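Below is my_file.txt, holding compact mmCIF, C-alpha atoms.
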# COMPACT_ATOMS: atom_id res chain seq x y z
CA MET A 1 -10.88 24.44 -11.82
CA THR A 2 -7.62 25.82 -10.40
CA ARG A 3 -5.52 22.70 -10.97
CA LEU A 4 -5.78 18.97 -11.49
CA ALA A 5 -6.38 16.30 -8.87
CA GLN A 6 -8.68 18.09 -6.48
CA THR A 7 -10.22 15.93 -3.73
CA ALA A 8 -13.84 16.38 -2.70
CA GLY A 9 -15.12 15.91 0.83
CA LEU A 10 -12.05 16.98 2.81
CA ASN A 11 -12.51 18.61 6.19
CA ASP A 12 -10.91 21.88 7.28
CA ILE A 13 -8.02 20.17 9.07
CA GLN A 14 -7.17 18.08 6.02
CA ARG A 15 -7.26 21.12 3.75
CA GLU A 16 -5.03 23.05 6.14
CA ILE A 17 -2.50 20.22 6.34
CA LEU A 18 -2.37 19.86 2.55
CA ALA A 19 -2.00 23.61 2.03
CA THR A 20 0.90 23.66 4.49
CA VAL A 21 2.60 20.70 2.80
CA ARG A 22 2.11 22.14 -0.67
CA ASP A 23 3.61 25.47 0.43
CA PHE A 24 6.59 23.60 1.93
CA VAL A 25 7.06 21.64 -1.31
CA ASP A 26 6.96 24.77 -3.46
CA LYS A 27 9.38 26.71 -1.25
CA GLU A 28 11.70 24.09 0.23
CA ILE A 29 11.76 21.06 -2.10
CA ILE A 30 11.24 22.02 -5.75
CA PRO A 31 13.96 24.74 -5.82
CA VAL A 32 16.68 22.32 -4.60
CA ALA A 33 15.45 18.86 -5.65
CA THR A 34 17.23 18.56 -8.99
CA GLN A 35 20.53 19.85 -7.61
CA LEU A 36 20.43 17.43 -4.67
CA GLU A 37 19.35 14.56 -6.93
CA HIS A 38 22.23 15.09 -9.34
CA ARG A 39 24.63 14.94 -6.39
CA ASP A 40 22.81 11.91 -4.92
CA GLU A 41 22.75 13.89 -1.66
CA TYR A 42 20.50 13.00 1.25
CA PRO A 43 18.00 15.85 1.81
CA THR A 44 18.84 16.47 5.47
CA GLU A 45 17.34 19.95 5.71
CA ILE A 46 14.14 18.88 3.96
CA VAL A 47 13.75 15.93 6.33
CA GLU A 48 14.22 18.22 9.33
CA GLY A 49 11.49 20.45 7.92
CA LEU A 50 9.15 17.49 7.57
CA LYS A 51 9.84 16.58 11.20
CA GLU A 52 8.82 20.08 12.27
CA LEU A 53 5.61 19.76 10.27
CA GLY A 54 4.82 16.55 12.15
CA LEU A 55 4.68 14.39 9.02
CA PHE A 56 6.67 11.54 10.55
CA GLY A 57 3.78 11.07 12.97
CA LEU A 58 0.93 11.91 10.62
CA MET A 59 -0.90 8.58 11.05
CA ILE A 60 0.45 7.67 14.47
CA PRO A 61 -2.36 7.95 17.07
CA GLU A 62 -2.48 11.08 19.21
CA GLU A 63 -1.96 9.02 22.38
CA TYR A 64 1.57 8.32 21.10
CA GLY A 65 2.28 11.91 20.10
CA GLY A 66 1.19 11.71 16.48
CA LEU A 67 -1.49 13.59 14.56
CA GLY A 68 -3.83 10.58 14.26
CA GLU A 69 -4.75 11.35 10.66
CA SER A 70 -6.25 9.00 8.07
CA LEU A 71 -4.55 7.09 5.27
CA LEU A 72 -6.28 9.45 2.84
CA THR A 73 -4.68 12.50 4.45
CA TYR A 74 -1.34 10.76 4.44
CA ALA A 75 -1.65 9.71 0.77
CA LEU A 76 -2.58 13.23 -0.30
CA CYS A 77 0.47 14.58 1.56
CA VAL A 78 2.65 12.00 -0.17
CA GLU A 79 1.19 13.07 -3.51
CA GLU A 80 2.25 16.65 -2.79
CA ILE A 81 5.73 15.65 -1.62
CA ALA A 82 6.32 13.40 -4.64
CA ARG A 83 5.31 16.29 -6.85
CA GLY A 84 8.35 18.06 -5.43
CA TRP A 85 10.79 15.14 -5.29
CA MET A 86 9.81 11.49 -5.22
CA SER A 87 12.82 10.45 -3.13
CA VAL A 88 11.55 12.49 -0.18
CA SER A 89 8.21 10.69 -0.29
CA GLY A 90 10.13 7.39 -0.16
CA ILE A 91 11.85 8.45 3.06
CA ILE A 92 8.46 9.09 4.64
CA ASN A 93 6.74 6.01 3.19
CA THR A 94 9.09 3.37 4.55
CA HIS A 95 9.00 4.95 7.99
CA PHE A 96 5.21 5.07 7.79
CA ILE A 97 4.86 1.36 6.88
CA VAL A 98 6.84 0.33 9.97
CA ALA A 99 4.83 2.67 12.20
CA TYR A 100 1.60 1.33 10.71
CA MET A 101 2.66 -2.28 11.32
CA LEU A 102 3.52 -1.44 14.92
CA LYS A 103 0.19 0.32 15.42
CA GLN A 104 -1.79 -2.57 13.94
CA HIS A 105 0.18 -5.58 15.12
CA GLY A 106 2.65 -4.59 17.84
CA THR A 107 2.44 -5.52 21.49
CA GLN A 108 1.59 -2.72 23.90
CA GLU A 109 5.22 -2.63 25.05
CA GLN A 110 6.40 -2.31 21.43
CA LYS A 111 3.95 0.50 20.74
CA ASP A 112 4.93 2.36 23.91
CA THR A 113 8.63 1.94 23.14
CA PHE A 114 8.71 3.00 19.51
CA LEU A 115 5.66 4.99 18.40
CA PRO A 116 6.23 8.16 20.46
CA ARG A 117 9.79 8.47 19.15
CA MET A 118 8.72 7.58 15.63
CA ALA A 119 6.11 10.34 15.75
CA LEU A 120 8.90 12.84 16.41
CA GLY A 121 11.17 11.35 13.76
CA GLU A 122 13.73 10.42 16.43
CA VAL A 123 13.35 6.74 15.52
CA ARG A 124 13.28 6.25 11.77
CA GLY A 125 11.87 3.11 10.20
CA ALA A 126 12.95 0.84 7.36
CA PHE A 127 11.09 -2.14 5.90
CA SER A 128 12.98 -5.29 4.84
CA MET A 129 11.28 -8.08 2.95
CA SER A 130 13.11 -8.55 -0.37
CA GLU A 131 16.25 -10.63 -0.88
CA PRO A 132 18.81 -10.82 -3.72
CA ALA A 133 17.28 -13.98 -5.26
CA LEU A 134 13.71 -13.31 -4.22
CA GLY A 135 11.97 -10.98 -6.66
CA SER A 136 8.21 -11.10 -6.15
CA ASP A 137 8.18 -14.62 -4.66
CA VAL A 138 7.96 -13.82 -0.95
CA SER A 139 7.50 -17.51 -0.10
CA ALA A 140 11.11 -18.11 -1.21
CA ILE A 141 12.61 -16.08 1.67
CA SER A 142 15.72 -17.82 2.98
CA SER A 143 16.75 -15.53 5.86
CA LYS A 144 16.14 -17.35 9.13
CA GLY A 145 15.47 -16.54 12.75
CA VAL A 146 16.23 -19.32 15.24
CA ARG A 147 15.28 -19.23 18.93
CA ASP A 148 18.14 -19.45 21.42
CA GLY A 149 16.89 -19.01 24.97
CA ASP A 150 15.56 -15.47 25.42
CA GLU A 151 16.94 -14.38 22.06
CA TYR A 152 16.61 -15.07 18.36
CA VAL A 153 19.63 -15.49 16.11
CA LEU A 154 19.11 -14.03 12.64
CA ASN A 155 21.08 -14.92 9.52
CA GLY A 156 20.60 -13.92 5.90
CA GLN A 157 20.93 -11.18 3.32
CA LYS A 158 18.20 -8.66 2.52
CA MET A 159 17.94 -6.28 -0.43
CA TRP A 160 16.40 -2.95 -1.47
CA LEU A 161 16.02 -1.28 1.93
CA THR A 162 14.85 2.30 1.54
CA ASN A 163 16.30 4.23 4.52
CA GLY A 164 18.69 1.33 5.09
CA GLY A 165 21.47 3.63 6.29
CA THR A 166 19.54 6.43 7.96
CA SER A 167 17.02 4.24 9.80
CA THR A 168 17.33 3.14 13.42
CA LEU A 169 14.55 0.53 13.40
CA VAL A 170 14.13 -2.12 10.70
CA ALA A 171 11.18 -4.50 10.36
CA VAL A 172 12.82 -7.65 8.93
CA LEU A 173 10.88 -10.63 7.56
CA CYS A 174 12.57 -14.00 8.17
CA ARG A 175 11.63 -17.64 8.11
CA SER A 176 11.14 -19.04 11.61
CA ASP A 177 10.32 -22.73 11.89
CA GLU A 178 9.80 -22.70 15.68
CA GLY A 179 6.40 -24.17 16.46
CA HIS A 180 5.69 -24.76 12.78
CA PRO A 181 6.19 -28.43 11.80
CA GLU A 182 7.86 -29.46 8.59
CA GLY A 183 5.48 -29.13 5.68
CA THR A 184 3.81 -25.99 7.04
CA ALA A 185 2.93 -23.57 4.22
CA PRO A 186 5.82 -21.08 3.78
CA HIS A 187 3.66 -18.05 4.50
CA LYS A 188 2.69 -19.53 7.87
CA SER A 189 6.28 -19.93 9.06
CA MET A 190 7.48 -16.34 8.67
CA THR A 191 8.07 -13.81 11.42
CA THR A 192 8.69 -10.07 11.48
CA PHE A 193 11.56 -9.05 13.74
CA LEU A 194 12.06 -5.49 14.99
CA VAL A 195 15.79 -4.80 14.67
CA GLU A 196 17.22 -1.71 16.35
CA LYS A 197 20.48 -0.32 14.99
CA GLU A 198 22.68 2.73 14.72
CA PRO A 199 22.35 4.94 11.62
CA GLY A 200 25.16 4.75 9.08
CA PHE A 201 27.00 2.17 7.01
CA GLY A 202 29.26 -0.76 7.81
CA ALA A 203 28.84 -2.67 11.08
CA VAL A 204 25.90 -0.85 12.68
CA ARG A 205 25.58 -3.36 15.55
CA PRO A 206 27.16 -6.75 16.30
CA GLY A 207 26.03 -9.19 13.62
CA LEU A 208 24.46 -6.54 11.37
CA THR A 209 26.10 -4.84 8.39
CA ILE A 210 24.75 -2.19 6.01
CA PRO A 211 27.31 -2.36 3.18
CA GLY A 212 26.57 1.01 1.56
CA LYS A 213 24.26 2.78 -0.86
CA ILE A 214 23.20 1.03 -4.05
CA ASP A 215 23.93 3.22 -7.07
CA LYS A 216 20.64 3.68 -8.93
CA MET A 217 19.46 5.17 -12.23
CA GLY A 218 16.99 7.40 -10.39
CA TYR A 219 15.35 7.67 -6.98
CA LYS A 220 18.57 9.19 -5.73
CA GLY A 221 19.21 11.07 -2.51
CA VAL A 222 17.35 8.49 -0.42
CA ASP A 223 19.64 5.66 0.70
CA THR A 224 18.77 2.26 -0.75
CA THR A 225 20.87 -0.53 0.71
CA GLU A 226 21.43 -4.20 1.43
CA LEU A 227 21.28 -5.65 4.94
CA ILE A 228 23.46 -8.57 6.04
CA MET A 229 22.72 -10.54 9.22
CA ASP A 230 25.46 -12.81 10.55
CA ASP A 231 24.44 -14.36 13.86
CA LEU A 232 22.54 -11.20 14.74
CA ARG A 233 21.04 -11.59 18.21
CA ILE A 234 17.87 -9.77 19.20
CA PRO A 235 15.65 -10.18 22.28
CA ALA A 236 12.58 -12.39 21.95
CA ASN A 237 10.38 -9.41 22.84
CA ARG A 238 11.30 -7.88 19.47
CA VAL A 239 9.11 -10.34 17.55
CA LEU A 240 6.41 -8.08 16.13
CA GLY A 241 3.18 -8.86 18.02
CA GLY A 242 4.98 -11.30 20.32
CA THR A 243 4.05 -14.42 18.32
CA THR A 244 5.98 -16.11 15.50
CA GLY A 245 4.40 -17.22 12.24
CA ARG A 246 2.44 -14.03 11.60
CA GLY A 247 5.08 -12.12 9.68
CA PHE A 248 3.71 -12.70 6.20
CA TYR A 249 0.28 -11.30 7.10
CA GLN A 250 1.82 -8.36 8.95
CA MET A 251 4.06 -7.50 6.01
CA MET A 252 1.25 -7.84 3.47
CA ASP A 253 -0.88 -5.48 5.56
CA GLY A 254 1.97 -2.99 5.42
CA VAL A 255 2.48 -3.51 1.69
CA GLU A 256 -1.23 -2.95 1.09
CA VAL A 257 -1.08 0.56 2.49
CA GLY A 258 2.31 0.96 0.82
CA ARG A 259 0.63 0.37 -2.53
CA VAL A 260 -1.71 3.27 -1.85
CA ASN A 261 1.39 5.30 -1.11
CA VAL A 262 3.10 4.27 -4.35
CA ALA A 263 -0.06 5.19 -6.24
CA ALA A 264 0.05 8.60 -4.53
CA ARG A 265 3.69 9.00 -5.55
CA GLY A 266 2.78 8.20 -9.14
CA CYS A 267 0.04 10.81 -9.02
CA GLY A 268 2.43 13.42 -7.65
CA VAL A 269 5.16 12.79 -10.21
CA ALA A 270 2.59 12.78 -13.03
CA GLN A 271 1.16 16.08 -11.80
CA ARG A 272 4.59 17.67 -11.81
CA ALA A 273 5.32 16.31 -15.30
CA PHE A 274 2.04 17.79 -16.55
CA GLU A 275 2.86 21.15 -14.96
CA LEU A 276 6.26 21.18 -16.64
CA GLY A 277 4.83 20.11 -19.99
CA VAL A 278 1.94 22.58 -20.10
CA SER A 279 4.23 25.42 -18.99
CA TYR A 280 6.93 24.67 -21.55
CA ALA A 281 4.34 24.27 -24.32
CA GLN A 282 3.21 27.85 -23.77
CA GLN A 283 6.75 29.26 -23.80
CA ARG A 284 8.27 27.35 -26.72
CA HIS A 285 7.42 28.78 -30.18
CA THR A 286 7.53 27.02 -33.54
CA PHE A 287 6.12 28.11 -36.89
CA GLY A 288 5.22 31.50 -35.45
CA LYS A 289 3.17 30.44 -32.42
CA PRO A 290 3.48 28.63 -29.06
CA ILE A 291 3.59 24.88 -29.53
CA ALA A 292 0.60 24.69 -27.16
CA GLU A 293 -1.51 26.03 -30.02
CA HIS A 294 -0.60 23.10 -32.26
CA GLN A 295 -3.29 20.43 -32.19
CA ALA A 296 -0.76 17.62 -31.72
CA ILE A 297 0.46 19.17 -28.46
CA GLN A 298 -3.07 19.95 -27.27
CA PHE A 299 -3.97 16.29 -27.75
CA LYS A 300 -0.99 15.28 -25.63
CA LEU A 301 -1.94 17.73 -22.88
CA ALA A 302 -5.53 16.47 -22.92
CA GLU A 303 -4.42 12.85 -22.58
CA MET A 304 -1.92 13.70 -19.83
CA ALA A 305 -4.46 15.64 -17.76
CA THR A 306 -7.07 12.90 -18.10
CA LYS A 307 -4.57 10.30 -16.86
CA VAL A 308 -3.60 12.47 -13.89
CA GLU A 309 -7.27 12.86 -12.92
CA ALA A 310 -8.07 9.15 -13.34
CA ALA A 311 -5.06 7.98 -11.31
CA HIS A 312 -5.80 10.46 -8.54
CA ALA A 313 -9.44 9.32 -8.30
CA MET A 314 -8.43 5.66 -7.99
CA MET A 315 -5.80 6.44 -5.37
CA VAL A 316 -8.31 8.40 -3.28
CA ASN A 317 -10.84 5.57 -3.57
CA ALA A 318 -8.29 2.97 -2.38
CA ALA A 319 -7.28 5.13 0.60
CA ARG A 320 -10.86 5.76 1.63
CA LYS A 321 -11.68 2.06 1.39
CA LYS A 322 -8.81 1.21 3.75
CA ASP A 323 -9.83 3.99 6.14
CA SER A 324 -13.33 2.54 6.29
CA GLY A 325 -11.92 -0.71 7.67
CA GLU A 326 -12.88 -2.69 4.57
CA ARG A 327 -10.63 -4.97 2.59
CA ASN A 328 -8.93 -2.89 -0.12
CA ASP A 329 -6.41 -5.16 -1.83
CA LEU A 330 -8.37 -4.93 -5.10
CA GLU A 331 -8.62 -1.14 -5.00
CA ALA A 332 -5.01 -0.71 -3.84
CA GLY A 333 -3.74 -3.03 -6.59
CA MET A 334 -5.74 -1.20 -9.24
CA ALA A 335 -4.62 2.20 -8.00
CA LYS A 336 -0.96 1.22 -7.82
CA TYR A 337 -1.07 -0.42 -11.26
CA LEU A 338 -2.87 2.44 -13.01
CA ALA A 339 -1.04 5.30 -11.29
CA SER A 340 2.43 3.90 -11.96
CA GLU A 341 1.68 3.10 -15.61
CA TYR A 342 0.02 6.47 -16.20
CA CYS A 343 2.87 8.23 -14.44
CA LYS A 344 5.37 6.70 -16.83
CA GLU A 345 3.23 7.72 -19.82
CA VAL A 346 2.60 11.29 -18.62
CA VAL A 347 6.29 11.81 -17.86
CA GLU A 348 7.25 10.51 -21.30
CA ASP A 349 4.74 12.81 -22.99
CA ALA A 350 6.11 15.80 -21.05
CA PHE A 351 9.59 14.69 -22.07
CA ARG A 352 8.49 14.63 -25.73
CA ILE A 353 6.95 18.10 -25.43
CA HIS A 354 10.33 19.39 -24.23
CA GLY A 355 11.97 17.97 -27.34
CA GLY A 356 15.77 17.98 -27.24
CA TYR A 357 15.80 20.05 -24.08
CA GLY A 358 14.15 17.21 -22.20
CA PHE A 359 17.40 15.29 -22.64
CA SER A 360 19.36 18.02 -20.86
CA LYS A 361 20.04 17.80 -17.13
CA GLU A 362 19.28 21.52 -16.91
CA TYR A 363 15.58 20.69 -17.23
CA GLU A 364 13.62 19.10 -14.41
CA ILE A 365 11.81 16.66 -16.70
CA GLU A 366 15.08 14.76 -17.18
CA ARG A 367 15.05 13.84 -13.48
CA LEU A 368 11.40 12.77 -13.58
CA TYR A 369 12.11 10.60 -16.63
CA ARG A 370 14.64 8.60 -14.57
CA GLU A 371 12.46 8.46 -11.45
CA ALA A 372 9.19 7.21 -12.93
CA PRO A 373 10.37 3.63 -13.73
CA MET A 374 10.92 2.86 -10.04
CA LEU A 375 7.18 3.12 -9.47
CA LEU A 376 6.61 0.31 -11.96
CA ILE A 377 8.51 -2.02 -9.61
CA GLY A 378 8.10 -0.71 -6.05
CA GLU A 379 5.57 -2.51 -3.79
CA GLY A 380 5.01 -5.15 -6.47
CA THR A 381 5.35 -5.06 -10.26
CA ALA A 382 2.49 -4.45 -12.66
CA GLU A 383 2.30 -8.19 -13.22
CA ILE A 384 1.87 -8.84 -9.50
CA GLN A 385 -0.85 -6.19 -9.29
CA LYS A 386 -2.69 -7.80 -12.20
CA MET A 387 -2.50 -11.20 -10.48
CA ILE A 388 -4.00 -9.70 -7.32
CA ILE A 389 -6.68 -7.88 -9.29
CA GLY A 390 -7.55 -10.93 -11.37
CA ARG A 391 -7.88 -13.24 -8.36
CA ARG A 392 -10.05 -10.77 -6.49
CA LEU A 393 -12.29 -10.26 -9.50
CA LEU A 394 -12.81 -14.01 -9.77
CA GLU A 395 -13.81 -14.05 -6.09
CA GLU A 396 -16.35 -11.30 -6.67
CA TYR A 397 -17.68 -12.60 -9.98
CA ARG A 398 -17.52 -16.35 -9.38
CA PHE A 399 -19.55 -18.26 -11.98
CA GLN A 400 -22.59 -19.91 -10.48
CA GLY A 401 -23.23 -22.94 -12.65
When written as structure tokens, how does the structure in this file appear?
Amino acid sequence: MTRLAQTAGLNDIQREILATVRDFVDKEIIPVATQLEHRDEYPTEIVEGLKELGLFGLMIPEEYGGLGESLLTYALCVEEIARGWMSVSGIINTHFIVAYMLKQHGTQEQKDTFLPRMALGEVRGAFSMSEPALGSDVSAISSKGVRDGDEYVLNGQKMWLTNGGTSTLVAVLCRSDEGHPEGTAPHKSMTTFLVEKEPGFGAVRPGLTIPGKIDKMGYKGVDTTELIMDDLRIPANRVLGGTTGRGFYQMMDGVEVGRVNVAARGCGVAQRAFELGVSYAQQRHTFGKPIAEHQAIQFKLAEMATKVEAAHAMMVNAARKKDSGERNDLEAGMAKYLASEYCKEVVEDAFRIHGGYGFSKEYEIERLYREAPMLLIGEGTAEIQKMIIGRRLLEEYRFQG
């Protein structure tokens, strides 16, 4: 065993891709991540390197200029990137969700227009579902899209856009009552609109404002923003899939693969925390020997490693289930729930192993300690995951009386 979280059954291409990404992470991300994070600086050079590696098109089909790889390959790459700096994996993830939604649900014209440029990283995606008063209740969306001739007029305020400033294409979920009579279930009267914009902050196109970066406890570097639509006009051919009322299902499909991604991020951060903890434990001496030789620390390391392995296995299982074409909301929910909770626990144990030094910004574990909590919330809280898991279990184990 050379390290934790090995994945059986990979082909030569997958192993080569992962080796290349891991080498990039070790050489280009880890040495600068903490410095950039403390400055809340966007990792421009790292992103350019990821473009050159082809990661922005990793799952985009070859016919559109991508690599045509599986969700498993993508998730394992995300795991490696998050091990270096979780914010970078967020930049990739949001772009990937939009590309995935286009691939699965877009019209042929939409695919031809966006996917080739997304594969190159020339068009960068952002995903907009949440709103200031929304939380986890997607049915309470108040942003609206109203048909006006050959256009739709969008109004509303969205929240928590990763890549909000740097993106040039945003998938925005709005309520659209056209063709859906009063009393229609909320999830059947939502539409995903593809909004093109200029990168940056302020007025990025008529009717669309990106106010600025939200100042966060962690998950820095990547731009997280609001989005304000004030009579924003977009062509009718920018309704994802060309038909209104399908937005909720399209977004949930994207979130489902996003949950595998968040699980992968949790695995990557936990791996890095374990690496830092086990390394420090062998260097720090107390009572005449390395603290790694004290049973209390060995117990911590054993628990941490077991959690890393378990989370990785569940993440891989969820990705493979989705790749097989089967429904994977149960597996994705379990993987996201377990990986994010275990990540928090492994990071805290590594923090405890560092003792007082873990509280110092000179040590990398301090950054991980602030980053891990985001995973408890992103792509649905633990409580939401447990609701999904519970409902699916009742479907599978329905009492026959």
Atom CA of A:Gln282 to atom CA of A:His354 measures 11.1 Å
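Distances from A:Ile30, A:Ala332, A:Leu375, A:Ala305 to A:Ile389 were compared using all atoms listed in the file, and the smallest one belongs to A:Ala332.
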Atom CA of A:Gly57 to atom CA of A:Gly254, straight-line distance in Å
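Separating atom CA of A:Gly254 from atom CA of A:Gly57 is a distance of 16.1 Å.
You can rank A:Thr381, A:Ala270, A:Phe359, A:Val316 by their closest distance to A:Val347 using all atoms listed in the file, and at the top of that list sits A:Ala270.
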I'd like the neighbourhood of stretch 215-221 of chain A as a PyMOL selection string, where a residue qualifies if any of its atoms comes within 12 Å (using all atoms listed in the file), though same-chain residues fewer than 4 positions away should be ignored.
chain A and resi 32-44+46-47+82+85-91+160+162-163+165-166+225-226+265+269+366-375+378
What does the structure give for the distance between atom CA of A:Glu63 and atom CA of A:Met118, in Å to one decimal?
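We find that atom CA of A:Glu63 and atom CA of A:Met118 lie 12.7 Å from each other.
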Can you tell me which residues surround A:Leu76 at a distance of at most 7 Å, considering only C-alpha atoms, apart from same-chain residues fewer than 4 positions away, and format the answer as a list in words?
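The residues that qualify are Leu72, Glu80 and Ala264 of chain A.
Remark: for A:Ala339, the closest of the candidate residues A:Met251, A:Lys300, A:Gly355, A:Met314 is A:Met314 (distances computed over only C-alpha atoms).
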